[in-house]
>>> print(open('run-v1.cif').read())   # mmCIF, C-alpha atoms
data_work
loop_
_atom_site.label_atom_id
_atom_site.label_comp_id
_atom_site.auth_asym_id
_atom_site.auth_seq_id
_atom_site.Cartn_x
_atom_site.Cartn_y
_atom_site.Cartn_z
CA MET A 1 -13.08 -18.36 -4.75
CA ILE A 2 -12.09 -21.32 -6.92
CA LYS A 3 -12.94 -23.85 -4.19
CA ARG A 4 -16.31 -22.17 -3.65
CA GLY A 5 -17.22 -22.44 -7.34
CA VAL A 6 -17.09 -18.75 -8.21
CA PRO A 7 -16.68 -18.43 -12.00
CA ILE A 8 -13.39 -16.66 -12.65
CA ASP A 9 -12.54 -15.53 -16.17
CA LEU A 10 -9.32 -13.65 -15.40
CA VAL A 11 -6.89 -13.03 -12.54
CA VAL A 12 -5.03 -9.73 -12.62
CA ALA A 13 -2.18 -9.04 -10.21
CA ASP A 14 0.03 -6.07 -9.48
CA ARG A 15 2.86 -8.21 -8.09
CA PRO A 16 3.79 -11.89 -7.90
CA CYS A 17 1.47 -13.68 -5.49
CA ARG A 18 0.10 -17.08 -4.55
CA GLY A 19 -3.22 -16.37 -6.30
CA VAL A 20 -1.55 -16.16 -9.71
CA GLY A 21 0.06 -19.57 -9.23
CA ILE A 22 -3.21 -21.13 -8.12
CA ALA A 23 -5.07 -19.63 -11.08
CA ARG A 24 -2.48 -20.93 -13.52
CA GLN A 25 -2.69 -24.44 -12.02
CA VAL A 26 -6.40 -24.58 -12.90
CA HIS A 27 -5.90 -22.85 -16.26
CA ILE A 28 -7.51 -19.50 -15.45
CA PRO A 29 -5.94 -16.75 -17.58
CA THR A 30 -3.67 -14.46 -15.61
CA GLU A 31 -2.22 -11.05 -16.36
CA MET A 32 0.54 -9.36 -14.38
CA PHE A 33 0.68 -5.57 -14.30
CA THR A 34 3.77 -4.92 -12.24
CA ARG A 35 4.05 -1.29 -11.28
CA SER A 36 7.13 0.72 -10.55
CA PHE A 37 7.58 2.16 -7.08
CA GLY A 38 10.07 4.80 -8.12
CA GLY A 39 9.35 8.16 -9.66
CA GLY A 40 7.51 8.41 -12.92
CA PHE A 41 4.72 5.93 -12.21
CA ASP A 42 1.86 6.76 -14.57
CA ARG A 43 -1.25 5.74 -12.60
CA ARG A 44 -3.64 6.64 -15.41
CA LEU A 45 -1.72 4.62 -18.02
CA PHE A 46 -1.49 1.67 -15.60
CA THR A 47 -5.26 1.86 -15.02
CA LEU A 48 -6.05 2.11 -18.73
CA GLU A 49 -3.89 -0.96 -19.43
CA VAL A 50 -5.78 -2.95 -16.78
CA MET A 51 -9.10 -1.70 -18.16
CA ALA A 52 -8.12 -2.80 -21.67
CA GLU A 53 -7.46 -6.30 -20.36
CA LEU A 54 -10.78 -6.37 -18.49
CA LYS A 55 -12.53 -5.35 -21.70
CA ARG A 56 -10.64 -7.96 -23.74
CA TYR A 57 -11.96 -10.67 -21.41
CA ASN A 58 -15.43 -9.09 -21.22
CA ILE A 59 -15.24 -8.80 -17.42
CA GLY A 60 -18.45 -7.53 -15.87
CA LEU A 61 -17.57 -7.74 -12.16
CA VAL A 62 -14.16 -7.23 -10.58
CA ALA A 63 -13.45 -8.73 -7.15
CA MET A 64 -10.27 -7.19 -5.76
CA ALA A 65 -8.34 -9.00 -3.06
CA GLY A 66 -4.82 -8.00 -2.14
CA PHE A 67 -4.48 -5.66 -5.11
CA MET A 68 -2.50 -2.82 -3.58
CA THR A 69 -2.14 -0.36 -6.46
CA ILE A 70 -4.60 2.50 -6.30
CA PHE A 71 -6.34 2.96 -9.62
CA ASP A 72 -6.94 6.21 -11.46
CA PRO A 73 -10.58 7.36 -11.02
CA VAL A 74 -11.36 6.59 -14.67
CA ILE A 75 -11.88 2.89 -13.84
CA PHE A 76 -14.55 3.71 -11.27
CA GLU A 77 -16.45 5.72 -13.86
CA GLN A 78 -16.37 2.82 -16.33
CA TYR A 79 -17.04 0.10 -13.72
CA ALA A 80 -19.28 1.96 -11.24
CA ASN A 81 -20.60 -0.50 -8.63
CA ARG A 82 -18.91 -3.37 -10.47
CA ILE A 83 -15.59 -3.40 -8.58
CA THR A 84 -15.66 -4.95 -5.13
CA ASN A 85 -12.92 -4.87 -2.55
CA ILE A 86 -12.31 -6.64 0.72
CA HIS A 87 -10.83 -4.81 3.70
CA PRO A 88 -9.60 -6.31 7.02
CA ALA A 89 -11.55 -3.97 9.32
CA LEU A 90 -15.07 -2.80 9.92
CA LEU A 91 -15.17 0.25 7.69
CA PRO A 92 -15.39 3.16 8.05
CA SER A 93 -12.87 2.47 10.83
CA PHE A 94 -9.21 1.79 10.06
CA LYS A 95 -8.95 2.58 6.38
CA GLY A 96 -5.74 1.95 4.47
CA ASP A 97 -3.15 -0.80 4.35
CA HIS A 98 -2.38 -0.97 8.11
CA ALA A 99 -5.93 -1.69 9.26
CA VAL A 100 -5.16 -4.68 11.48
CA ALA A 101 -2.19 -2.98 13.16
CA ASP A 102 -4.23 0.19 13.61
CA ALA A 103 -7.11 -1.74 15.23
CA LEU A 104 -4.69 -3.35 17.69
CA LYS A 105 -2.98 -0.05 18.42
CA PHE A 106 -6.34 1.61 19.10
CA GLY A 107 -7.31 -1.21 21.46
CA VAL A 108 -10.63 -2.21 19.94
CA LYS A 109 -12.29 -5.36 21.24
CA VAL A 110 -13.93 -6.17 17.89
CA THR A 111 -12.76 -5.66 14.33
CA GLY A 112 -13.60 -7.71 11.26
CA THR A 113 -13.90 -7.58 7.52
CA THR A 114 -15.78 -5.38 5.10
CA ILE A 115 -16.71 -6.07 1.51
CA HIS A 116 -17.50 -2.84 -0.29
CA TYR A 117 -17.73 -1.31 -3.73
CA ALA A 118 -14.41 0.28 -4.62
CA THR A 119 -14.47 3.95 -5.51
CA ALA A 120 -11.92 6.61 -6.32
CA GLU A 121 -11.73 7.39 -2.60
CA LEU A 122 -9.76 4.67 -0.79
CA ASP A 123 -11.86 2.30 1.35
CA ASN A 124 -14.86 4.60 1.13
CA GLY A 125 -17.34 2.90 -1.22
CA PRO A 126 -20.77 1.62 -0.25
CA ILE A 127 -20.61 -1.35 2.11
CA ILE A 128 -21.99 -4.62 0.76
CA ALA A 129 -21.29 -6.90 3.75
CA GLN A 130 -19.43 -6.93 7.04
CA GLU A 131 -18.65 -9.51 9.67
CA ALA A 132 -17.15 -8.97 13.08
CA VAL A 133 -14.08 -10.77 14.43
CA PRO A 134 -13.22 -10.48 18.13
CA VAL A 135 -9.82 -9.21 19.20
CA LEU A 136 -8.46 -11.72 21.69
CA GLU A 137 -6.12 -11.16 24.62
CA GLY A 138 -2.55 -11.49 23.35
CA ASP A 139 -3.46 -11.08 19.67
CA THR A 140 -0.67 -10.00 17.39
CA GLU A 141 -1.15 -8.44 14.00
CA LYS A 142 -0.45 -11.85 12.44
CA THR A 143 -2.85 -13.89 14.61
CA LEU A 144 -5.67 -11.37 14.27
CA HIS A 145 -5.20 -11.01 10.53
CA GLU A 146 -5.28 -14.80 10.10
CA ARG A 147 -8.64 -15.00 11.92
CA ILE A 148 -9.98 -12.18 9.76
CA LYS A 149 -8.82 -14.06 6.63
CA VAL A 150 -10.80 -17.14 7.70
CA VAL A 151 -13.97 -15.03 7.68
CA GLU A 152 -12.98 -13.33 4.40
CA ARG A 153 -12.44 -16.66 2.65
CA ARG A 154 -16.01 -17.68 3.48
CA LEU A 155 -17.81 -14.34 3.12
CA TYR A 156 -16.24 -12.90 -0.02
CA PRO A 157 -17.13 -15.80 -2.34
CA GLU A 158 -20.71 -15.77 -0.98
CA VAL A 159 -21.05 -12.06 -1.73
CA VAL A 160 -19.48 -12.31 -5.19
CA MET A 161 -21.78 -15.19 -6.14
CA LYS A 162 -24.85 -13.18 -5.07
CA LEU A 163 -23.66 -10.17 -7.07
CA LEU A 164 -23.04 -12.32 -10.15
CA GLN A 165 -26.48 -13.91 -9.83
CA ALA A 166 -28.08 -10.47 -9.54
CA MET A 167 -26.25 -9.32 -12.68
CA THR A 168 -27.60 -12.22 -14.72
CA ALA A 169 -31.15 -12.16 -13.31
#
>>> encode(input="run-v1.cif", output="structure tokens")
Amino acid sequence: MIKRGVPIDLVVADRPCRGVGIARQVHIPTEMFTRSFGGGFDRRLFTLEVMAELKRYNIGLVAMAGFMTIFDPVIFEQYANRITNIHPALLPSFKGDHAVADALKFGVKVTGTTIHYATAELDNGPIIAQEAVPVLEGDTEKTLHERIKVVERRLYPEVVMKLLQAMTA
């Protein structure tokens, strides 16, 4: 997104990742909301804390990528059709966090990437854009996912820029 010139006002992460380091190198504010994976995780409180940070930075559009914590539905009420997500499959097929492995297991010849609006129901929001990626003979989860990422890295910034332009028009 940075290389493609997408204006980024804040990077929020739910675990340490490469994106946080890259954002910090170019002086984009970052916030880490590390969640617990044991008992007692308060999803609503976690979501409200993230929402407070989005409000503090006056964020109008959220582009999720690799954020693996499922939010409480309250965020989708406040940010209806303003939270996008990218998924490594052609939704509605292969929802969830094992999409690439599931596509290989099912034996599809084509999979791809989907950019959609995030909703309270996982990987079920309205589709904004999709692009197919062929499954090649001998593909592994790693090789297929890497080819999908190449498409994602081009398509997602294009879509986010169009959405931002539409918001300011």
>>> atom_distance(input="run-v1.cif", atom1="CA of Asn81 (chain A)", atom2="CA of Val12 (chain A)")
18.5 Å
>>> resolve_selection(input="run-v1.cif", expression="the PyMOL selection byres ((chain A and resi 139-148) around 9)", output="list in words")
Pro88, Ala89, Val100, Ala101, Leu104, Thr111, Gly112, Thr113, Ala132, Val133, Pro134, Val135, Leu136, Glu137, Gly138, Lys149, Val150, Val151, Glu152 and Arg153 of chain A
>>> closest_residue(input="run-v1.cif", among="A:Pro29, A:Leu90, A:Thr84, A:Asp123", to="Met64 (chain A)", atoms="all atoms listed in the file")
A:Thr84
>>> atom_distance(input="run-v1.cif", atom1="CA of Gly60 (chain A)", atom2="CA of Leu122 (chain A)")
21.3 Å
>>> resolve_selection(input="run-v1.cif", expression="the PyMOL selection byres ((chain A and resi 69-80) around 6)", output="ChimeraX atom specification")
/A:43-44,47,67-68,81-82,119-120
>>> closest_residue(input="run-v1.cif", among="A:Gly21, A:Leu61, A:Phe33, A:Asp9", to="Leu164 (chain A)", atoms="all atoms listed in the file")
A:Leu61
>>> atom_distance(input="run-v1.cif", atom1="CA of Ile127 (chain A)", atom2="CA of Lys109 (chain A)")
21.2 Å
>>> decode(input="run-v1.cif", residues="region 15-31 of chain A", atoms="N, CA and C atoms", output="PDB file, in the first residue's frame")
ATOM      1  N   ARG A  15      -0.948  -8.548  16.397  1.00  0.00           N
ATOM      2  CA  ARG A  15       0.237  -9.328  16.772  1.00  0.00           C
ATOM      3  C   ARG A  15       1.441  -8.710  16.060  1.00  0.00           C
ATOM      4  N   PRO A  16       2.638  -8.967  16.534  1.00  0.00           N
ATOM      5  CA  PRO A  16       3.814  -8.440  15.830  1.00  0.00           C
ATOM      6  C   PRO A  16       3.831  -8.957  14.385  1.00  0.00           C
ATOM      7  N   CYS A  17       4.153  -8.055  13.460  1.00  0.00           N
ATOM      8  CA  CYS A  17       4.184  -8.448  12.053  1.00  0.00           C
ATOM      9  C   CYS A  17       5.096  -7.496  11.273  1.00  0.00           C
ATOM     10  N   ARG A  18       5.426  -7.911  10.068  1.00  0.00           N
ATOM     11  CA  ARG A  18       6.307  -7.130   9.205  1.00  0.00           C
ATOM     12  C   ARG A  18       5.716  -5.760   8.879  1.00  0.00           C
ATOM     13  N   GLY A  19       4.387  -5.692   8.721  1.00  0.00           N
ATOM     14  CA  GLY A  19       3.730  -4.435   8.365  1.00  0.00           C
ATOM     15  C   GLY A  19       3.949  -3.332   9.383  1.00  0.00           C
ATOM     16  N   VAL A  20       3.983  -3.701  10.659  1.00  0.00           N
ATOM     17  CA  VAL A  20       4.224  -2.707  11.715  1.00  0.00           C
ATOM     18  C   VAL A  20       5.620  -2.123  11.562  1.00  0.00           C
ATOM     19  N   GLY A  21       6.602  -2.967  11.330  1.00  0.00           N
ATOM     20  CA  GLY A  21       7.980  -2.491  11.146  1.00  0.00           C
ATOM     21  C   GLY A  21       8.123  -1.581   9.948  1.00  0.00           C
ATOM     22  N   ILE A  22       7.484  -1.946   8.858  1.00  0.00           N
ATOM     23  CA  ILE A  22       7.532  -1.117   7.645  1.00  0.00           C
ATOM     24  C   ILE A  22       6.878   0.235   7.900  1.00  0.00           C
ATOM     25  N   ALA A  23       5.718   0.225   8.552  1.00  0.00           N
ATOM     26  CA  ALA A  23       5.023   1.482   8.855  1.00  0.00           C
ATOM     27  C   ALA A  23       5.888   2.376   9.731  1.00  0.00           C
ATOM     28  N   ARG A  24       6.509   1.814  10.723  1.00  0.00           N
ATOM     29  CA  ARG A  24       7.358   2.614  11.616  1.00  0.00           C
ATOM     30  C   ARG A  24       8.550   3.213  10.882  1.00  0.00           C
ATOM     31  N   GLN A  25       9.106   2.470   9.918  1.00  0.00           N
ATOM     32  CA  GLN A  25      10.254   2.980   9.149  1.00  0.00           C
ATOM     33  C   GLN A  25       9.898   4.245   8.381  1.00  0.00           C
ATOM     34  N   VAL A  26       8.646   4.340   7.937  1.00  0.00           N
ATOM     35  CA  VAL A  26       8.233   5.525   7.168  1.00  0.00           C
ATOM     36  C   VAL A  26       7.371   6.472   8.008  1.00  0.00           C
ATOM     37  N   HIS A  27       7.444   6.285   9.321  1.00  0.00           N
ATOM     38  CA  HIS A  27       6.823   7.189  10.297  1.00  0.00           C
ATOM     39  C   HIS A  27       5.290   7.246  10.232  1.00  0.00           C
ATOM     40  N   ILE A  28       4.672   6.115   9.928  1.00  0.00           N
ATOM     41  CA  ILE A  28       3.221   6.003  10.024  1.00  0.00           C
ATOM     42  C   ILE A  28       2.912   5.539  11.443  1.00  0.00           C
ATOM     43  N   PRO A  29       1.999   6.200  12.137  1.00  0.00           N
ATOM     44  CA  PRO A  29       1.660   5.771  13.500  1.00  0.00           C
ATOM     45  C   PRO A  29       1.181   4.316  13.512  1.00  0.00           C
ATOM     46  N   THR A  30       1.588   3.601  14.532  1.00  0.00           N
ATOM     47  CA  THR A  30       1.178   2.206  14.682  1.00  0.00           C
ATOM     48  C   THR A  30       0.632   1.978  16.084  1.00  0.00           C
ATOM     49  N   GLU A  31      -0.324   1.089  16.176  1.00  0.00           N
ATOM     50  CA  GLU A  31      -0.887   0.700  17.461  1.00  0.00           C
ATOM     51  C   GLU A  31      -1.001  -0.814  17.484  1.00  0.00           C
TER      52      GLU A  31
END
